[in-house]
file work-v5.pdb (PDB, N, CA and C atoms)
ATOM      1  N   MET A   1     -51.980-182.594  71.142
ATOM      2  CA  MET A   1     -52.990-182.907  70.151
ATOM      3  C   MET A   1     -52.449-182.542  68.763
ATOM      4  N   ARG A   2     -52.556-183.451  67.817
ATOM      5  CA  ARG A   2     -52.052-183.251  66.468
ATOM      6  C   ARG A   2     -53.095-182.533  65.611
ATOM      7  N   LYS A   3     -52.635-181.517  64.886
ATOM      8  CA  LYS A   3     -53.525-180.767  64.005
ATOM      9  C   LYS A   3     -53.844-181.609  62.771
ATOM     10  N   GLU A   4     -55.119-181.698  62.437
ATOM     11  CA  GLU A   4     -55.537-182.508  61.292
ATOM     12  C   GLU A   4     -55.219-181.788  59.980
ATOM     13  N   GLU A   5     -54.743-182.549  59.026
ATOM     14  CA  GLU A   5     -54.380-182.021  57.718
ATOM     15  C   GLU A   5     -55.632-181.674  56.910
ATOM     16  N   PRO A   6     -55.601-180.551  56.200
ATOM     17  CA  PRO A   6     -56.747-180.225  55.338
ATOM     18  C   PRO A   6     -56.959-181.300  54.272
ATOM     19  N   ALA A   7     -58.208-181.578  53.944
ATOM     20  CA  ALA A   7     -58.544-182.627  52.975
ATOM     21  C   ALA A   7     -57.939-182.349  51.605
ATOM     22  N   TRP A   8     -57.782-181.079  51.240
ATOM     23  CA  TRP A   8     -57.259-180.771  49.913
ATOM     24  C   TRP A   8     -55.828-181.267  49.740
ATOM     25  N   LYS A   9     -55.062-181.332  50.826
ATOM     26  CA  LYS A   9     -53.673-181.783  50.715
ATOM     27  C   LYS A   9     -53.605-183.255  50.316
ATOM     28  N   LYS A  10     -54.471-184.077  50.888
ATOM     29  CA  LYS A  10     -54.496-185.489  50.492
ATOM     30  C   LYS A  10     -54.911-185.617  49.030
ATOM     31  N   GLU A  11     -55.929-184.869  48.642
ATOM     32  CA  GLU A  11     -56.382-184.900  47.251
ATOM     33  C   GLU A  11     -55.272-184.427  46.310
ATOM     34  N   PHE A  12     -54.538-183.406  46.709
ATOM     35  CA  PHE A  12     -53.421-182.880  45.917
ATOM     36  C   PHE A  12     -52.356-183.962  45.721
ATOM     37  N   ARG A  13     -51.969-184.613  46.819
ATOM     38  CA  ARG A  13     -50.977-185.700  46.731
ATOM     39  C   ARG A  13     -51.469-186.835  45.839
ATOM     40  N   ASP A  14     -52.740-187.199  45.998
ATOM     41  CA  ASP A  14     -53.310-188.274  45.180
ATOM     42  C   ASP A  14     -53.250-187.923  43.699
ATOM     43  N   ARG A  15     -53.573-186.685  43.366
ATOM     44  CA  ARG A  15     -53.560-186.278  41.958
ATOM     45  C   ARG A  15     -52.138-186.213  41.400
ATOM     46  N   ILE A  16     -51.190-185.840  42.224
ATOM     47  CA  ILE A  16     -49.795-185.863  41.771
ATOM     48  C   ILE A  16     -49.374-187.313  41.533
ATOM     49  N   GLN A  17     -49.706-188.176  42.469
ATOM     50  CA  GLN A  17     -49.355-189.591  42.359
ATOM     51  C   GLN A  17     -49.970-190.219  41.108
ATOM     52  N   ASP A  18     -51.211-189.861  40.825
ATOM     53  CA  ASP A  18     -51.923-190.404  39.664
ATOM     54  C   ASP A  18     -51.592-189.661  38.367
ATOM     55  N   GLU A  19     -50.696-188.679  38.467
ATOM     56  CA  GLU A  19     -50.267-187.841  37.338
ATOM     57  C   GLU A  19     -51.409-187.032  36.729
ATOM     58  N   ARG A  20     -52.393-186.697  37.563
ATOM     59  CA  ARG A  20     -53.449-185.793  37.111
ATOM     60  C   ARG A  20     -53.021-184.349  37.315
ATOM     61  N   ILE A  21     -52.000-184.132  38.125
ATOM     62  CA  ILE A  21     -51.364-182.823  38.259
ATOM     63  C   ILE A  21     -49.949-182.982  37.746
ATOM     64  N   ARG A  22     -49.682-182.293  36.623
ATOM     65  CA  ARG A  22     -48.360-182.376  36.001
ATOM     66  C   ARG A  22     -47.800-180.998  35.652
ATOM     67  N   THR A  23     -48.662-179.992  35.605
ATOM     68  CA  THR A  23     -48.232-178.660  35.186
ATOM     69  C   THR A  23     -48.766-177.603  36.143
ATOM     70  N   ASP A  24     -48.240-176.392  36.004
ATOM     71  CA  ASP A  24     -48.758-175.273  36.790
ATOM     72  C   ASP A  24     -50.249-175.065  36.513
ATOM     73  N   SER A  25     -50.638-175.223  35.268
ATOM     74  CA  SER A  25     -52.051-175.065  34.912
ATOM     75  C   SER A  25     -52.927-176.095  35.614
ATOM     76  N   ASP A  26     -52.417-177.303  35.762
ATOM     77  CA  ASP A  26     -53.158-178.331  36.497
ATOM     78  C   ASP A  26     -53.360-177.907  37.946
ATOM     79  N   ILE A  27     -52.335-177.303  38.538
ATOM     80  CA  ILE A  27     -52.444-176.832  39.926
ATOM     81  C   ILE A  27     -53.465-175.706  40.005
ATOM     82  N   GLU A  28     -53.415-174.783  39.059
ATOM     83  CA  GLU A  28     -54.380-173.679  39.043
ATOM     84  C   GLU A  28     -55.807-174.207  38.903
ATOM     85  N   ASP A  29     -56.017-175.190  38.028
ATOM     86  CA  ASP A  29     -57.341-175.792  37.859
ATOM     87  C   ASP A  29     -57.788-176.482  39.148
ATOM     88  N   PHE A  30     -56.875-177.194  39.796
ATOM     89  CA  PHE A  30     -57.165-177.854  41.069
ATOM     90  C   PHE A  30     -57.641-176.829  42.094
ATOM     91  N   CYS A  31     -56.923-175.716  42.189
ATOM     92  CA  CYS A  31     -57.264-174.674  43.160
ATOM     93  C   CYS A  31     -58.636-174.075  42.881
ATOM     94  N   GLU A  32     -58.898-173.829  41.621
ATOM     95  CA  GLU A  32     -60.204-173.274  41.249
ATOM     96  C   GLU A  32     -61.325-174.257  41.578
ATOM     97  N   GLU A  33     -61.103-175.514  41.260
ATOM     98  CA  GLU A  33     -62.113-176.552  41.503
ATOM     99  C   GLU A  33     -62.440-176.708  42.982
ATOM    100  N   LEU A  34     -61.398-176.701  43.831
ATOM    101  CA  LEU A  34     -61.614-176.973  45.258
ATOM    102  C   LEU A  34     -61.601-175.730  46.141
ATOM    103  N   GLY A  35     -61.406-174.560  45.543
ATOM    104  CA  GLY A  35     -61.406-173.326  46.329
ATOM    105  C   GLY A  35     -60.178-173.181  47.215
ATOM    106  N   VAL A  36     -59.041-173.673  46.731
ATOM    107  CA  VAL A  36     -57.785-173.597  47.474
ATOM    108  C   VAL A  36     -56.995-172.390  46.982
ATOM    109  N   ASP A  37     -56.396-171.656  47.898
ATOM    110  CA  ASP A  37     -55.542-170.529  47.522
ATOM    111  C   ASP A  37     -54.327-171.064  46.764
ATOM    112  N   GLU A  38     -54.033-170.491  45.608
ATOM    113  CA  GLU A  38     -52.917-170.975  44.786
ATOM    114  C   GLU A  38     -51.584-170.906  45.525
ATOM    115  N   ARG A  39     -51.381-169.876  46.311
ATOM    116  CA  ARG A  39     -50.121-169.767  47.059
ATOM    117  C   ARG A  39     -49.956-170.938  48.008
ATOM    118  N   ASP A  40     -51.054-171.349  48.648
ATOM    119  CA  ASP A  40     -51.000-172.497  49.557
ATOM    120  C   ASP A  40     -50.630-173.770  48.801
ATOM    121  N   ALA A  41     -51.231-173.958  47.629
ATOM    122  CA  ALA A  41     -50.967-175.163  46.850
ATOM    123  C   ALA A  41     -49.525-175.202  46.353
ATOM    124  N   PHE A  42     -49.017-174.090  45.846
ATOM    125  CA  PHE A  42     -47.648-174.082  45.353
ATOM    126  C   PHE A  42     -46.642-174.223  46.495
ATOM    127  N   HIS A  43     -46.970-173.672  47.657
ATOM    128  CA  HIS A  43     -46.087-173.857  48.816
ATOM    129  C   HIS A  43     -46.098-175.320  49.256
ATOM    130  N   TYR A  44     -47.261-175.936  49.237
ATOM    131  CA  TYR A  44     -47.344-177.345  49.614
ATOM    132  C   TYR A  44     -46.565-178.207  48.634
ATOM    133  N   LEU A  45     -46.618-177.881  47.357
ATOM    134  CA  LEU A  45     -45.822-178.601  46.367
ATOM    135  C   LEU A  45     -44.334-178.502  46.724
ATOM    136  N   ALA A  46     -43.887-177.318  47.125
ATOM    137  CA  ALA A  46     -42.491-177.147  47.534
ATOM    138  C   ALA A  46     -42.185-178.002  48.760
ATOM    139  N   GLU A  47     -43.114-178.065  49.716
ATOM    140  CA  GLU A  47     -42.906-178.905  50.897
ATOM    141  C   GLU A  47     -42.749-180.371  50.486
ATOM    142  N   LEU A  48     -43.561-180.812  49.558
ATOM    143  CA  LEU A  48     -43.469-182.202  49.096
ATOM    144  C   LEU A  48     -42.132-182.462  48.402
ATOM    145  N   ARG A  49     -41.653-181.490  47.646
ATOM    146  CA  ARG A  49     -40.395-181.649  46.906
ATOM    147  C   ARG A  49     -39.203-181.830  47.837
ATOM    148  N   VAL A  50     -39.233-181.184  48.995
ATOM    149  CA  VAL A  50     -38.070-181.238  49.895
ATOM    150  C   VAL A  50     -38.257-182.198  51.065
ATOM    151  N   MET A  51     -39.387-182.880  51.110
ATOM    152  CA  MET A  51     -39.656-183.810  52.207
ATOM    153  C   MET A  51     -38.525-184.838  52.311
ATOM    154  N   ASN A  52     -38.065-185.040  53.523
ATOM    155  CA  ASN A  52     -36.992-185.999  53.824
ATOM    156  C   ASN A  52     -35.658-185.634  53.180
ATOM    157  N   THR A  53     -35.416-184.347  52.992
ATOM    158  CA  THR A  53     -34.125-183.865  52.507
ATOM    159  C   THR A  53     -33.570-182.885  53.533
ATOM    160  N   GLU A  54     -32.341-182.447  53.308
ATOM    161  CA  GLU A  54     -31.741-181.476  54.216
ATOM    162  C   GLU A  54     -32.431-180.118  54.142
ATOM    163  N   CYS A  55     -33.256-179.897  53.126
ATOM    164  CA  CYS A  55     -33.958-178.615  52.964
ATOM    165  C   CYS A  55     -35.293-178.563  53.714
ATOM    166  N   GLU A  56     -35.749-179.691  54.207
ATOM    167  CA  GLU A  56     -37.027-179.730  54.913
ATOM    168  C   GLU A  56     -36.988-178.767  56.090
ATOM    169  N   GLY A  57     -37.991-177.914  56.163
ATOM    170  CA  GLY A  57     -38.078-176.947  57.244
ATOM    171  C   GLY A  57     -37.467-175.600  56.922
ATOM    172  N   CYS A  58     -36.735-175.495  55.827
ATOM    173  CA  CYS A  58     -36.127-174.227  55.434
ATOM    174  C   CYS A  58     -37.204-173.263  54.962
ATOM    175  N   GLU A  59     -37.038-171.994  55.239
ATOM    176  CA  GLU A  59     -38.028-171.020  54.810
ATOM    177  C   GLU A  59     -37.913-170.674  53.334
ATOM    178  N   HIS A  60     -36.863-171.131  52.673
ATOM    179  CA  HIS A  60     -36.636-170.784  51.261
ATOM    180  C   HIS A  60     -36.910-171.950  50.310
ATOM    181  N   ILE A  61     -37.759-172.869  50.689
ATOM    182  CA  ILE A  61     -37.955-174.086  49.870
ATOM    183  C   ILE A  61     -38.602-173.806  48.522
ATOM    184  N   GLU A  62     -39.233-172.644  48.371
ATOM    185  CA  GLU A  62     -39.879-172.358  47.091
ATOM    186  C   GLU A  62     -38.911-171.798  46.057
ATOM    187  N   TYR A  63     -37.672-171.541  46.449
ATOM    188  CA  TYR A  63     -36.664-171.025  45.517
ATOM    189  C   TYR A  63     -35.820-172.173  45.020
ATOM    190  N   PHE A  64     -35.916-172.459  43.743
ATOM    191  CA  PHE A  64     -35.090-173.511  43.161
ATOM    192  C   PHE A  64     -34.919-173.254  41.691
TER
END

call {"tool": "encode", "arguments": {"input": "work-v5.pdb", "output": "structure tokens"}}
result
Amino acid sequence: MRKEEPAWKKEFRDRIQDERIRTDSDIEDFCEELGVDERDAFHYLAELRVMNTECEGCEHIEYF
């Protein structure tokens, strides 16, 4: 059984795609608005950055 993705992740991707999230402050505002932990959002951003690269799955993806 596949675990369902939290709704905030789709909204986060949509806002990045639409360029409504462009800065750290935008991410912080997003988290405050939707009640998302900032650490989760910034980690998810790192996951998106390395998707389909040799770094995908690495535990150090937030260091760049």

call {"tool": "resolve_selection", "arguments": {"input": "work-v5.pdb", "expression": "the PyMOL selection byres (((chain A and resi 23-33 and name CA) around 12) and name CA)", "output": "ChimeraX atom specification"}}
result
/A:8-9,11-16,19-22,34-45

call {"tool": "atom_distance", "arguments": {"input": "work-v5.pdb", "atom1": "atom N of A:Gly57", "atom2": "atom N of A:Ala7"}}
result
20.7 Å

call {"tool": "atom_distance", "arguments": {"input": "work-v5.pdb", "atom1": "atom CA of A:Asp18", "atom2": "atom CA of A:Leu48"}}
result
15.1 Å

call {"tool": "select_by_dssp", "arguments": {"input": "work-v5.pdb", "residues": "stretch 7-40 of chain A", "states": "alpha helix (DSSP H)", "output": "PDB file with N, CA and C atoms, keeping the file's coordinate frame"}}
result
ATOM      1  N   ALA A   7     -58.208-181.578  53.944  1.00  0.00           N
ATOM      2  CA  ALA A   7     -58.544-182.627  52.975  1.00  0.00           C
ATOM      3  C   ALA A   7     -57.939-182.349  51.605  1.00  0.00           C
ATOM      4  N   TRP A   8     -57.782-181.079  51.240  1.00  0.00           N
ATOM      5  CA  TRP A   8     -57.259-180.771  49.913  1.00  0.00           C
ATOM      6  C   TRP A   8     -55.828-181.267  49.740  1.00  0.00           C
ATOM      7  N   LYS A   9     -55.062-181.332  50.826  1.00  0.00           N
ATOM      8  CA  LYS A   9     -53.673-181.783  50.715  1.00  0.00           C
ATOM      9  C   LYS A   9     -53.605-183.255  50.316  1.00  0.00           C
ATOM     10  N   LYS A  10     -54.471-184.077  50.888  1.00  0.00           N
ATOM     11  CA  LYS A  10     -54.496-185.489  50.492  1.00  0.00           C
ATOM     12  C   LYS A  10     -54.911-185.617  49.030  1.00  0.00           C
ATOM     13  N   GLU A  11     -55.929-184.869  48.642  1.00  0.00           N
ATOM     14  CA  GLU A  11     -56.382-184.900  47.251  1.00  0.00           C
ATOM     15  C   GLU A  11     -55.272-184.427  46.310  1.00  0.00           C
ATOM     16  N   PHE A  12     -54.538-183.406  46.709  1.00  0.00           N
ATOM     17  CA  PHE A  12     -53.421-182.880  45.917  1.00  0.00           C
ATOM     18  C   PHE A  12     -52.356-183.962  45.721  1.00  0.00           C
ATOM     19  N   ARG A  13     -51.969-184.613  46.819  1.00  0.00           N
ATOM     20  CA  ARG A  13     -50.977-185.700  46.731  1.00  0.00           C
ATOM     21  C   ARG A  13     -51.469-186.835  45.839  1.00  0.00           C
ATOM     22  N   ASP A  14     -52.740-187.199  45.998  1.00  0.00           N
ATOM     23  CA  ASP A  14     -53.310-188.274  45.180  1.00  0.00           C
ATOM     24  C   ASP A  14     -53.250-187.923  43.699  1.00  0.00           C
ATOM     25  N   ARG A  15     -53.573-186.685  43.366  1.00  0.00           N
ATOM     26  CA  ARG A  15     -53.560-186.278  41.958  1.00  0.00           C
ATOM     27  C   ARG A  15     -52.138-186.213  41.400  1.00  0.00           C
ATOM     28  N   ILE A  16     -51.190-185.840  42.224  1.00  0.00           N
ATOM     29  CA  ILE A  16     -49.795-185.863  41.771  1.00  0.00           C
ATOM     30  C   ILE A  16     -49.374-187.313  41.533  1.00  0.00           C
ATOM     31  N   GLN A  17     -49.706-188.176  42.469  1.00  0.00           N
ATOM     32  CA  GLN A  17     -49.355-189.591  42.359  1.00  0.00           C
ATOM     33  C   GLN A  17     -49.970-190.219  41.108  1.00  0.00           C
ATOM     34  N   ASP A  24     -48.240-176.392  36.004  1.00  0.00           N
ATOM     35  CA  ASP A  24     -48.758-175.273  36.790  1.00  0.00           C
ATOM     36  C   ASP A  24     -50.249-175.065  36.513  1.00  0.00           C
ATOM     37  N   SER A  25     -50.638-175.223  35.268  1.00  0.00           N
ATOM     38  CA  SER A  25     -52.051-175.065  34.912  1.00  0.00           C
ATOM     39  C   SER A  25     -52.927-176.095  35.614  1.00  0.00           C
ATOM     40  N   ASP A  26     -52.417-177.303  35.762  1.00  0.00           N
ATOM     41  CA  ASP A  26     -53.158-178.331  36.497  1.00  0.00           C
ATOM     42  C   ASP A  26     -53.360-177.907  37.946  1.00  0.00           C
ATOM     43  N   ILE A  27     -52.335-177.303  38.538  1.00  0.00           N
ATOM     44  CA  ILE A  27     -52.444-176.832  39.926  1.00  0.00           C
ATOM     45  C   ILE A  27     -53.465-175.706  40.005  1.00  0.00           C
ATOM     46  N   GLU A  28     -53.415-174.783  39.059  1.00  0.00           N
ATOM     47  CA  GLU A  28     -54.380-173.679  39.043  1.00  0.00           C
ATOM     48  C   GLU A  28     -55.807-174.207  38.903  1.00  0.00           C
ATOM     49  N   ASP A  29     -56.017-175.190  38.028  1.00  0.00           N
ATOM     50  CA  ASP A  29     -57.341-175.792  37.859  1.00  0.00           C
ATOM     51  C   ASP A  29     -57.788-176.482  39.148  1.00  0.00           C
ATOM     52  N   PHE A  30     -56.875-177.194  39.796  1.00  0.00           N
ATOM     53  CA  PHE A  30     -57.165-177.854  41.069  1.00  0.00           C
ATOM     54  C   PHE A  30     -57.641-176.829  42.094  1.00  0.00           C
ATOM     55  N   CYS A  31     -56.923-175.716  42.189  1.00  0.00           N
ATOM     56  CA  CYS A  31     -57.264-174.674  43.160  1.00  0.00           C
ATOM     57  C   CYS A  31     -58.636-174.075  42.881  1.00  0.00           C
ATOM     58  N   GLU A  32     -58.898-173.829  41.621  1.00  0.00           N
ATOM     59  CA  GLU A  32     -60.204-173.274  41.249  1.00  0.00           C
ATOM     60  C   GLU A  32     -61.325-174.257  41.578  1.00  0.00           C
ATOM     61  N   GLU A  33     -61.103-175.514  41.260  1.00  0.00           N
ATOM     62  CA  GLU A  33     -62.113-176.552  41.503  1.00  0.00           C
ATOM     63  C   GLU A  33     -62.440-176.708  42.982  1.00  0.00           C
ATOM     64  N   LEU A  34     -61.398-176.701  43.831  1.00  0.00           N
ATOM     65  CA  LEU A  34     -61.614-176.973  45.258  1.00  0.00           C
ATOM     66  C   LEU A  34     -61.601-175.730  46.141  1.00  0.00           C
ATOM     67  N   GLU A  38     -54.033-170.491  45.608  1.00  0.00           N
ATOM     68  CA  GLU A  38     -52.917-170.975  44.786  1.00  0.00           C
ATOM     69  C   GLU A  38     -51.584-170.906  45.525  1.00  0.00           C
ATOM     70  N   ARG A  39     -51.381-169.876  46.311  1.00  0.00           N
ATOM     71  CA  ARG A  39     -50.121-169.767  47.059  1.00  0.00           C
ATOM     72  C   ARG A  39     -49.956-170.938  48.008  1.00  0.00           C
ATOM     73  N   ASP A  40     -51.054-171.349  48.648  1.00  0.00           N
ATOM     74  CA  ASP A  40     -51.000-172.497  49.557  1.00  0.00           C
ATOM     75  C   ASP A  40     -50.630-173.770  48.801  1.00  0.00           C
TER      76      ASP A  40
END

call {"tool": "atom_distance", "arguments": {"input": "work-v5.pdb", "atom1": "atom C of A:Arg49", "atom2": "atom N of A:Glu62"}}
result
9.2 Å
